[in-house]
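Before any comments, here is the structure.
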Amino acid sequence: AAWAGRIPAIRDALGMDHGLLGSVLWGLPAGLLVSTQLTPWLANRLGSRTLVVLATVLYSLDLPCLALASHPIYLALGLIVLGFTQGIM
């Protein structure tokens, strides 16, 4: 993803040490795990086209949020959403 090259800058801006950064980065695979379980149900409920369109829009809106996160919790939540939307697509 386009945000990966900015990880050191985001880490420095939020004042995180390497341990906290490692914990926050686990948000991405957590979102992926959740999406792999929910995507079949959501696709049956919403339709695959609608689901992919929603995931694409949410993904596009989430990327700037990663760069603008003002706290490690917000970054972790943004990464969970990013992982979730990537898992759907």
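We name chains A, B, ... following the order of the structure tokens; residues begin at 1 in each chain, and ligands are numbered from 1 as shown.
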
_Test item: residues at most 12 Å from range 8-15 of chain A, only C-alpha atoms, excluding those fewer than 6 positions along its chain, as a ChimeraX atom specification_ = /A:21-25,65-76

Show me, as a JSON list (two decimals) with all heavy atoms, in the first residue's frame, the residues that have an atom within 9 Å of Thr56 in chain A when counting only C-alpha atoms, minus same-chain residues fewer than 2 positions from it.
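Output file out.json follows:
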[["chain", "number", "residue", "atom", "x", "y", "z"],
["A", 51, "LEU", "N", -20.61, -4.76, -2.47],
["A", 51, "LEU", "CA", -19.59, -4.94, -1.44],
["A", 51, "LEU", "C", -18.23, -4.42, -1.90],
["A", 51, "LEU", "O", -17.54, -3.72, -1.15],
["A", 51, "LEU", "CB", -19.50, -6.41, -1.03],
["A", 51, "LEU", "CG", -18.52, -6.74, 0.08],
["A", 51, "LEU", "CD1", -18.89, -6.01, 1.36],
["A", 51, "LEU", "CD2", -18.52, -8.24, 0.32],
["A", 52, "VAL", "N", -17.86, -4.74, -3.12],
["A", 52, "VAL", "CA", -16.56, -4.28, -3.63],
["A", 52, "VAL", "C", -16.55, -2.76, -3.81],
["A", 52, "VAL", "O", -15.55, -2.11, -3.52],
["A", 52, "VAL", "CB", -16.20, -5.02, -4.94],
["A", 52, "VAL", "CG1", -14.99, -4.40, -5.61],
["A", 52, "VAL", "CG2", -15.94, -6.49, -4.66],
["A", 53, "VAL", "N", -17.65, -2.20, -4.27],
["A", 53, "VAL", "CA", -17.72, -0.74, -4.42],
["A", 53, "VAL", "C", -17.58, -0.07, -3.05],
["A", 53, "VAL", "O", -16.82, 0.90, -2.89],
["A", 53, "VAL", "CB", -19.02, -0.31, -5.13],
["A", 53, "VAL", "CG1", -19.25, 1.18, -5.03],
["A", 53, "VAL", "CG2", -18.99, -0.75, -6.58],
["A", 54, "LEU", "N", -18.31, -0.57, -2.04],
["A", 54, "LEU", "CA", -18.20, -0.01, -0.70],
["A", 54, "LEU", "C", -16.80, -0.15, -0.13],
["A", 54, "LEU", "O", -16.27, 0.78, 0.48],
["A", 54, "LEU", "CB", -19.21, -0.69, 0.23],
["A", 54, "LEU", "CG", -20.67, -0.33, 0.04],
["A", 54, "LEU", "CD1", -21.56, -1.20, 0.92],
["A", 54, "LEU", "CD2", -20.91, 1.13, 0.33],
["A", 58, "LEU", "N", -14.32, 2.91, 0.92],
["A", 58, "LEU", "CA", -13.80, 2.95, 2.28],
["A", 58, "LEU", "C", -12.27, 2.90, 2.29],
["A", 58, "LEU", "O", -11.62, 3.61, 3.06],
["A", 58, "LEU", "CB", -14.39, 1.80, 3.10],
["A", 58, "LEU", "CG", -14.15, 1.82, 4.59],
["A", 58, "LEU", "CD1", -14.64, 3.11, 5.22],
["A", 58, "LEU", "CD2", -14.84, 0.63, 5.23],
["A", 59, "TYR", "N", -11.69, 2.08, 1.43],
["A", 59, "TYR", "CA", -10.24, 1.98, 1.30],
["A", 59, "TYR", "C", -9.65, 3.34, 0.89],
["A", 59, "TYR", "O", -8.67, 3.80, 1.47],
["A", 59, "TYR", "CB", -9.88, 0.91, 0.27],
["A", 59, "TYR", "CG", -8.41, 0.70, 0.05],
["A", 59, "TYR", "CD1", -7.70, -0.19, 0.85],
["A", 59, "TYR", "CD2", -7.72, 1.36, -0.96],
["A", 59, "TYR", "CE1", -6.35, -0.41, 0.65],
["A", 59, "TYR", "CE2", -6.38, 1.15, -1.16],
["A", 59, "TYR", "CZ", -5.70, 0.27, -0.36],
["A", 59, "TYR", "OH", -4.35, 0.06, -0.55],
["A", 60, "SER", "N", -10.29, 3.98, -0.09],
["A", 60, "SER", "CA", -9.80, 5.27, -0.58],
["A", 60, "SER", "C", -9.89, 6.35, 0.49],
["A", 60, "SER", "O", -9.04, 7.24, 0.57],
["A", 60, "SER", "CB", -10.60, 5.71, -1.80],
["A", 60, "SER", "OG", -10.46, 4.78, -2.84],
["A", 61, "LEU", "N", -10.93, 6.29, 1.31],
["A", 61, "LEU", "CA", -11.08, 7.27, 2.38],
["A", 61, "LEU", "C", -10.16, 6.99, 3.56],
["A", 61, "LEU", "O", -9.80, 7.89, 4.31],
["A", 61, "LEU", "CB", -12.54, 7.29, 2.86],
["A", 61, "LEU", "CG", -13.56, 7.79, 1.85],
["A", 61, "LEU", "CD1", -14.97, 7.61, 2.41],
["A", 61, "LEU", "CD2", -13.31, 9.24, 1.50],
["A", 85, "THR", "N", -10.79, -3.82, 4.38],
["A", 85, "THR", "CA", -11.15, -3.50, 2.99],
["A", 85, "THR", "C", -10.27, -4.24, 1.99],
["A", 85, "THR", "O", -10.75, -4.67, 0.95],
["A", 85, "THR", "CB", -11.11, -1.99, 2.73],
["A", 85, "THR", "OG1", -9.81, -1.48, 3.06],
["A", 85, "THR", "CG2", -12.16, -1.26, 3.55],
["A", 86, "GLN", "N", -9.00, -4.42, 2.31],
["A", 86, "GLN", "CA", -8.13, -5.19, 1.41],
["A", 86, "GLN", "C", -8.58, -6.64, 1.35],
["A", 86, "GLN", "O", -8.52, -7.27, 0.29],
["A", 86, "GLN", "CB", -6.68, -5.13, 1.88],
["A", 86, "GLN", "CG", -5.99, -3.83, 1.56],
["A", 86, "GLN", "CD", -4.55, -3.82, 2.03],
["A", 86, "GLN", "OE1", -4.13, -4.62, 2.86],
["A", 86, "GLN", "NE2", -3.79, -2.88, 1.51],
["A", 88, "ILE", "N", -11.59, -7.73, 1.59],
["A", 88, "ILE", "CA", -12.81, -7.82, 0.77],
["A", 88, "ILE", "C", -12.47, -7.77, -0.71],
["A", 88, "ILE", "O", -13.02, -8.51, -1.52],
["A", 88, "ILE", "CB", -13.78, -6.69, 1.14],
["A", 88, "ILE", "CG1", -14.35, -6.94, 2.53],
["A", 88, "ILE", "CG2", -14.91, -6.57, 0.11],
["A", 88, "ILE", "CD1", -15.19, -5.81, 3.07],
["A", 89, "MET", "N", -11.52, -6.89, -1.05],
["A", 89, "MET", "CA", -11.18, -6.73, -2.46],
["A", 89, "MET", "C", -10.31, -7.88, -2.92],
["A", 89, "MET", "O", -10.27, -8.27, -4.01],
["A", 89, "MET", "CB", -10.49, -5.40, -2.71],
["A", 89, "MET", "CG", -11.43, -4.23, -2.50],
["A", 89, "MET", "SD", -10.76, -2.66, -2.99],
["A", 89, "MET", "CE", -9.70, -2.27, -1.66]]

*asked:* Could you pull out the alpha helix (DSSP H) residues of chain A, going by DSSP on the backbone, and write them as JSON, numbers by chain?
replied: {"A": [7, 8, 9, 10, 11, 12, 13, 14, 18, 19, 20, 21, 22, 23, 24, 25, 27, 28, 29, 30, 31, 32, 33, 34, 35, 36, 37, 38, 39, 40, 41, 42, 43, 44, 45, 46, 48, 49, 50, 51, 52, 53, 54, 55, 56, 57, 58, 59, 60, 61, 62, 63, 64, 65, 66, 67, 68, 72, 73, 74, 75, 76, 77, 78, 79, 80, 81, 82, 83, 84, 85, 86, 87, 88]}

*Considering only C-alpha atoms, return as a VMD selection string whatever protein or nucleic-acid residues lie within 7 Å of Ile80 in chain A, sequence-local ones (same chain, fewer than 5 positions apart) excluded.*
chain A and resid 27 to 28 30 to 31

*Go through A:Val34, A:Leu63, A:Gly47, A:Pro40 one by one, measure the shortest atom-to-atom distance of each to Phe84 in chain A using only C-alpha atoms, and give the residue with the smallest value.*
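Using only C-alpha atoms, Phe84 in chain A sits closest to A:Val34.
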
*asked:* Calculated over only C-alpha atoms, which of the candidates A:Thr36, A:Thr50, A:Pro64, A:Leu20 has the smallest distance to Arg6 in chain A?
replied: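 Among the listed residues, the smallest separation from Arg6 in chain A belongs to A:Pro64.
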
*So which one's closest to Val57 in chain A, A:Leu77, A:Ala43, A:Leu82, A:Leu38? Using only C-alpha atoms, please.*
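Result for the nearest residue to Val57 in chain A: A:Leu82.
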